[in-house]
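*Asks:* The structure is given below, and queries will be raised subsequently.
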Amino acid sequence: MTRSIKEIPENDPLKSEDLKPLIDKAIAENKDRPGAVMLVLNEVQSKIGHVSPCMQVYIAQNLKVPLGQVHGVVTFYSFFKTKPRGKHTIKFCLGTACYVAGTPQLVEKAKQMLNIDLGDTTPDGQITLEECRCVGACSQAPVVVVNEEVQGKLRPNKFPQVLKKVQG
């Protein structure tokens with residue numbers, strides 16, 4: 001993790017005339033409050049959807065806290081994302097029941113079909129693949145969560161139908 005912002009990618013919210021003011025506002029409104037780092041990160045995540053590495057540096061500099069403190073919060077809590085997410089999210093349950101019932105094969109099928117890895121988003125920004133822990137639907141294993149809808153007893157040969165619904 002870099003300690004300063006040398007080059008901000010073109011697609012980073014810090015370069016956006018619409019999004020950078022949201023970051024600045026979150027910092028300005030919370031900088032003197034206890035727990036400012038968490039407050040700012042929560043607001044930025046909520047408004048923008050992720051907290052990029054450049055945004056982390058910017059927030060640390062403007063709150064006058066060590067970058068490690070900001071980065072530590074972002075990486076500790078699974079709620080925070082460091083990359084933009086797709087319009088649609090497919091989460092693969094890796095709880096024991098789902099794992100044993102075939103989640104690894106579902107993940108491989110999804111990676112093959114979309115040509116991306118877990119944690120990545122398709123180049124068109126439509127689909128993000130993620131892993132998650134037990135979703136409490138063990139009797140339906142293996143389970144995927146598509147845009148907050150649980151789909152169980154899924155097999156790799158049925159995964160193309162799931163994608164068709166999401167892409168359709």
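Labels for the structure tokens follow display order: chains A, B, ..., residues from 1 in each chain, ligands from 1.
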Find the residues near A:Met55: any atom within 9 Å, counting only C-alpha atoms, skip ones fewer than 6 places away on the same chain, and give them as an MDAnalysis selection string.
*Replies:* chainID A and resid 5 12:14 23
*Asks:* For A:Asn11, list every protein, DNA or RNA residue within 12 Å, evaluated using only C-alpha atoms, and leave out those in the same chain fewer than 6 positions away; present the list as a PyMOL selection string.
*Replies:* chain A and resi 17+19-20+52+54-55+83-84
*Asks:* Hey, what does DSSP flag as helix (DSSP H, G or I) within stretch 69-107 of chain A? Can you give it to me as a count of residues only?
*Replies:* 19
*Asks:* What is the distance between atom CA of A:Ala101 and atom CA of A:Lys164, in Å to one decimal?
*Replies:*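 Taking atom CA of A:Ala101 as the start and atom CA of A:Lys164 as the end point, the length is 23.1 Å.
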*Asks:* I'd like the neighbourhood of A:Phe80 as a PyMOL selection string, where a residue qualifies if any of its atoms comes within 10 Å (using only C-alpha atoms), though same-chain residues fewer than 5 positions away should be ignored.
*Replies:* chain A and resi 41-42+44-46+49-52+73-75
*Asks:* Nearest residue to A:Gly35 out of A:Ala97, A:Val65, A:Ala110, A:Val162, using only C-alpha atoms?
*Replies:*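 Smallest separation from A:Gly35 among the options: A:Val65.
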*Asks:* Among chain A, which residues carry a DSSP assignment of strand (DSSP E or B), reported as a VMD selection string?
*Replies:* chain A and resid 88 to 93 121 127 to 132 144 to 146 149 to 151
*Asks:* Take the residues just selected and output them with all heavy atoms as a compact mmCIF listing (two decimals), in the first residue's frame.
*Replies:*
# COMPACT_ATOMS: atom_id res chain seq x y z
N HIS A 88 -24.68 -6.58 -10.90
CA HIS A 88 -25.20 -7.81 -10.32
C HIS A 88 -24.08 -8.51 -9.56
O HIS A 88 -22.93 -8.49 -9.99
CB HIS A 88 -25.74 -8.76 -11.39
CG HIS A 88 -26.77 -8.13 -12.26
ND1 HIS A 88 -28.08 -7.93 -11.85
CD2 HIS A 88 -26.70 -7.64 -13.52
CE1 HIS A 88 -28.75 -7.35 -12.82
NE2 HIS A 88 -27.94 -7.16 -13.84
N THR A 89 -24.42 -9.14 -8.44
CA THR A 89 -23.44 -9.86 -7.65
C THR A 89 -23.88 -11.31 -7.49
O THR A 89 -25.04 -11.59 -7.18
CB THR A 89 -23.29 -9.22 -6.25
OG1 THR A 89 -22.95 -7.85 -6.42
CG2 THR A 89 -22.21 -9.90 -5.45
N ILE A 90 -22.94 -12.21 -7.72
CA ILE A 90 -23.17 -13.63 -7.49
C ILE A 90 -22.20 -14.06 -6.40
O ILE A 90 -20.99 -13.99 -6.58
CB ILE A 90 -22.97 -14.46 -8.78
CG1 ILE A 90 -23.92 -13.99 -9.88
CG2 ILE A 90 -23.16 -15.95 -8.48
CD1 ILE A 90 -23.70 -14.64 -11.22
N LYS A 91 -22.78 -14.49 -5.26
CA LYS A 91 -21.97 -14.91 -4.12
C LYS A 91 -22.08 -16.42 -3.97
O LYS A 91 -23.18 -16.97 -3.99
CB LYS A 91 -22.45 -14.23 -2.84
CG LYS A 91 -22.35 -12.73 -2.86
CD LYS A 91 -22.92 -12.14 -1.59
CE LYS A 91 -23.00 -10.63 -1.69
NZ LYS A 91 -23.66 -10.05 -0.53
N PHE A 92 -20.95 -17.06 -3.78
CA PHE A 92 -20.89 -18.51 -3.62
C PHE A 92 -20.68 -18.83 -2.14
O PHE A 92 -19.69 -18.40 -1.55
CB PHE A 92 -19.74 -19.09 -4.44
CG PHE A 92 -19.92 -18.88 -5.91
CD1 PHE A 92 -19.47 -17.71 -6.52
CD2 PHE A 92 -20.56 -19.83 -6.69
CE1 PHE A 92 -19.65 -17.51 -7.88
CE2 PHE A 92 -20.74 -19.62 -8.05
CZ PHE A 92 -20.29 -18.46 -8.64
N CYS A 93 -21.59 -19.58 -1.57
CA CYS A 93 -21.48 -19.95 -0.16
C CYS A 93 -20.36 -20.98 0.00
O CYS A 93 -20.36 -22.01 -0.67
CB CYS A 93 -22.80 -20.53 0.36
SG CYS A 93 -22.69 -21.03 2.08
N THR A 121 -14.82 -8.29 -11.26
CA THR A 121 -16.03 -7.86 -11.97
C THR A 121 -15.77 -7.98 -13.47
O THR A 121 -14.66 -7.71 -13.93
CB THR A 121 -16.38 -6.41 -11.60
OG1 THR A 121 -16.58 -6.35 -10.18
CG2 THR A 121 -17.62 -5.91 -12.31
N ILE A 127 -21.27 -8.03 -13.76
CA ILE A 127 -21.33 -9.11 -12.77
C ILE A 127 -20.05 -9.16 -11.94
O ILE A 127 -18.95 -9.15 -12.48
CB ILE A 127 -21.54 -10.47 -13.46
CG1 ILE A 127 -22.87 -10.47 -14.23
CG2 ILE A 127 -21.51 -11.61 -12.45
CD1 ILE A 127 -23.09 -11.69 -15.10
N THR A 128 -20.22 -9.25 -10.63
CA THR A 128 -19.12 -9.47 -9.70
C THR A 128 -19.31 -10.84 -9.06
O THR A 128 -20.41 -11.19 -8.65
CB THR A 128 -19.10 -8.40 -8.59
OG1 THR A 128 -18.92 -7.11 -9.20
CG2 THR A 128 -17.99 -8.64 -7.59
N LEU A 129 -18.22 -11.60 -9.00
CA LEU A 129 -18.24 -12.90 -8.33
C LEU A 129 -17.60 -12.73 -6.96
O LEU A 129 -16.52 -12.14 -6.84
CB LEU A 129 -17.45 -13.94 -9.12
CG LEU A 129 -17.94 -14.28 -10.52
CD1 LEU A 129 -17.04 -15.34 -11.15
CD2 LEU A 129 -19.38 -14.79 -10.47
N GLU A 130 -18.27 -13.25 -5.93
CA GLU A 130 -17.74 -13.16 -4.57
C GLU A 130 -17.96 -14.47 -3.85
O GLU A 130 -18.80 -15.27 -4.23
CB GLU A 130 -18.46 -12.06 -3.78
CG GLU A 130 -18.23 -10.67 -4.31
CD GLU A 130 -18.93 -9.60 -3.48
OE1 GLU A 130 -19.82 -9.93 -2.68
OE2 GLU A 130 -18.57 -8.43 -3.64
N GLU A 131 -17.20 -14.65 -2.78
CA GLU A 131 -17.44 -15.77 -1.89
C GLU A 131 -18.09 -15.24 -0.63
O GLU A 131 -17.98 -14.06 -0.31
CB GLU A 131 -16.13 -16.49 -1.57
CG GLU A 131 -15.12 -15.62 -0.87
CD GLU A 131 -13.81 -16.32 -0.61
OE1 GLU A 131 -13.28 -16.94 -1.55
OE2 GLU A 131 -13.32 -16.24 0.52
N CYS A 132 -18.80 -16.09 0.06
CA CYS A 132 -19.38 -15.71 1.34
C CYS A 132 -19.38 -16.93 2.25
O CYS A 132 -19.17 -18.05 1.80
CB CYS A 132 -20.78 -15.13 1.17
SG CYS A 132 -22.01 -16.27 0.50
N VAL A 144 -25.95 -20.44 -4.02
CA VAL A 144 -25.39 -19.17 -4.47
C VAL A 144 -26.43 -18.10 -4.16
O VAL A 144 -27.64 -18.38 -4.11
CB VAL A 144 -25.02 -19.14 -5.97
CG1 VAL A 144 -23.93 -20.13 -6.29
CG2 VAL A 144 -26.21 -19.34 -6.85
N VAL A 145 -25.95 -16.89 -3.94
CA VAL A 145 -26.84 -15.76 -3.68
C VAL A 145 -26.67 -14.81 -4.86
O VAL A 145 -25.59 -14.27 -5.09
CB VAL A 145 -26.50 -15.05 -2.35
CG1 VAL A 145 -27.46 -13.90 -2.11
CG2 VAL A 145 -26.53 -16.04 -1.19
N VAL A 146 -27.74 -14.67 -5.62
CA VAL A 146 -27.72 -13.82 -6.81
C VAL A 146 -28.54 -12.58 -6.52
O VAL A 146 -29.76 -12.67 -6.32
CB VAL A 146 -28.30 -14.57 -8.04
CG1 VAL A 146 -28.26 -13.68 -9.26
CG2 VAL A 146 -27.55 -15.87 -8.27
N GLU A 149 -30.87 -12.92 -3.73
CA GLU A 149 -31.82 -14.03 -3.83
C GLU A 149 -31.07 -15.35 -3.72
O GLU A 149 -30.16 -15.63 -4.51
CB GLU A 149 -32.57 -13.99 -5.16
CG GLU A 149 -33.55 -15.12 -5.34
CD GLU A 149 -34.15 -15.13 -6.74
OE1 GLU A 149 -34.48 -14.05 -7.26
OE2 GLU A 149 -34.30 -16.24 -7.30
N VAL A 150 -31.43 -16.16 -2.73
CA VAL A 150 -30.76 -17.44 -2.51
C VAL A 150 -31.27 -18.46 -3.51
O VAL A 150 -32.48 -18.62 -3.71
CB VAL A 150 -31.03 -17.94 -1.07
CG1 VAL A 150 -30.43 -19.33 -0.86
CG2 VAL A 150 -30.47 -16.96 -0.04
N GLN A 151 -30.33 -19.13 -4.17
CA GLN A 151 -30.67 -20.20 -5.10
C GLN A 151 -29.91 -21.44 -4.67
O GLN A 151 -28.68 -21.43 -4.60
CB GLN A 151 -30.29 -19.80 -6.53
CG GLN A 151 -31.07 -18.60 -7.01
CD GLN A 151 -30.84 -18.30 -8.48
OE1 GLN A 151 -30.41 -19.16 -9.24
NE2 GLN A 151 -31.13 -17.08 -8.86
*Asks:* Set the distance at 7 Å and use only C-alpha atoms: which residues neighbour stretch 103-108 of chain A once local chain neighbours fewer than 3 positions away are removed? I'd like the list as an mmCIF file with N, CA, C and O atoms, in the first residue's frame.
*Replies:*
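Final file, part.cif:
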data_model
loop_
_atom_site.group_PDB
_atom_site.id
_atom_site.type_symbol
_atom_site.label_atom_id
_atom_site.label_comp_id
_atom_site.auth_asym_id
_atom_site.auth_seq_id
_atom_site.Cartn_x
_atom_site.Cartn_y
_atom_site.Cartn_z
ATOM 1 N N PHE A 92 -20.948 -17.060 -3.783
ATOM 2 C CA PHE A 92 -20.890 -18.506 -3.616
ATOM 3 C C PHE A 92 -20.677 -18.828 -2.143
ATOM 4 O O PHE A 92 -19.688 -18.403 -1.552
ATOM 5 N N CYS A 93 -21.591 -19.578 -1.567
ATOM 6 C CA CYS A 93 -21.478 -19.954 -0.161
ATOM 7 C C CYS A 93 -20.363 -20.976 -0.002
ATOM 8 O O CYS A 93 -20.360 -22.012 -0.666
ATOM 9 N N LEU A 94 -19.426 -20.667 0.882
ATOM 10 C CA LEU A 94 -18.332 -21.583 1.155
ATOM 11 C C LEU A 94 -18.437 -22.205 2.548
ATOM 12 O O LEU A 94 -17.456 -22.690 3.095
ATOM 13 N N CYS A 98 -22.215 -26.403 1.921
ATOM 14 C CA CYS A 98 -22.171 -26.009 0.509
ATOM 15 C C CYS A 98 -20.853 -26.429 -0.144
ATOM 16 O O CYS A 98 -20.833 -26.897 -1.283
ATOM 17 N N TYR A 99 -19.783 -26.271 0.595
ATOM 18 C CA TYR A 99 -18.476 -26.636 0.054
ATOM 19 C C TYR A 99 -18.448 -28.123 -0.301
ATOM 20 O O TYR A 99 -18.070 -28.507 -1.406
ATOM 21 N N LYS A 111 -16.174 -19.008 -13.188
ATOM 22 C CA LYS A 111 -14.912 -18.402 -13.633
ATOM 23 C C LYS A 111 -14.663 -18.697 -15.105
ATOM 24 O O LYS A 111 -14.234 -17.829 -15.861
ATOM 25 N N GLN A 112 -14.960 -19.930 -15.513
ATOM 26 C CA GLN A 112 -14.777 -20.339 -16.909
ATOM 27 C C GLN A 112 -15.720 -19.562 -17.824
ATOM 28 O O GLN A 112 -15.314 -19.053 -18.868
ATOM 29 N N PRO A 142 -25.558 -27.104 -2.720
ATOM 30 C CA PRO A 142 -24.800 -25.871 -2.633
ATOM 31 C C PRO A 142 -25.656 -24.661 -3.020
ATOM 32 O O PRO A 142 -26.542 -24.751 -3.860
ATOM 33 N N ARG A 155 -26.261 -26.959 -9.584
ATOM 34 C CA ARG A 155 -25.219 -27.802 -10.171
ATOM 35 C C ARG A 155 -24.540 -27.020 -11.298
ATOM 36 O O ARG A 155 -25.161 -26.152 -11.916
ATOM 37 N N PRO A 156 -23.275 -27.355 -11.593
ATOM 38 C CA PRO A 156 -22.558 -26.620 -12.646
ATOM 39 C C PRO A 156 -23.288 -26.588 -13.986
ATOM 40 O O PRO A 156 -23.275 -25.573 -14.677
#
*Asks:* I'd like the neighbourhood of stretch 57-62 of chain A as a ChimeraX atom specification, where a residue qualifies if any of its atoms comes within 9 Å (using only C-alpha atoms), though same-chain residues fewer than 4 positions away should be ignored.
*Replies:* /A:1-5,14,23-24,27-28,31,37,40-41,52-53,66-71
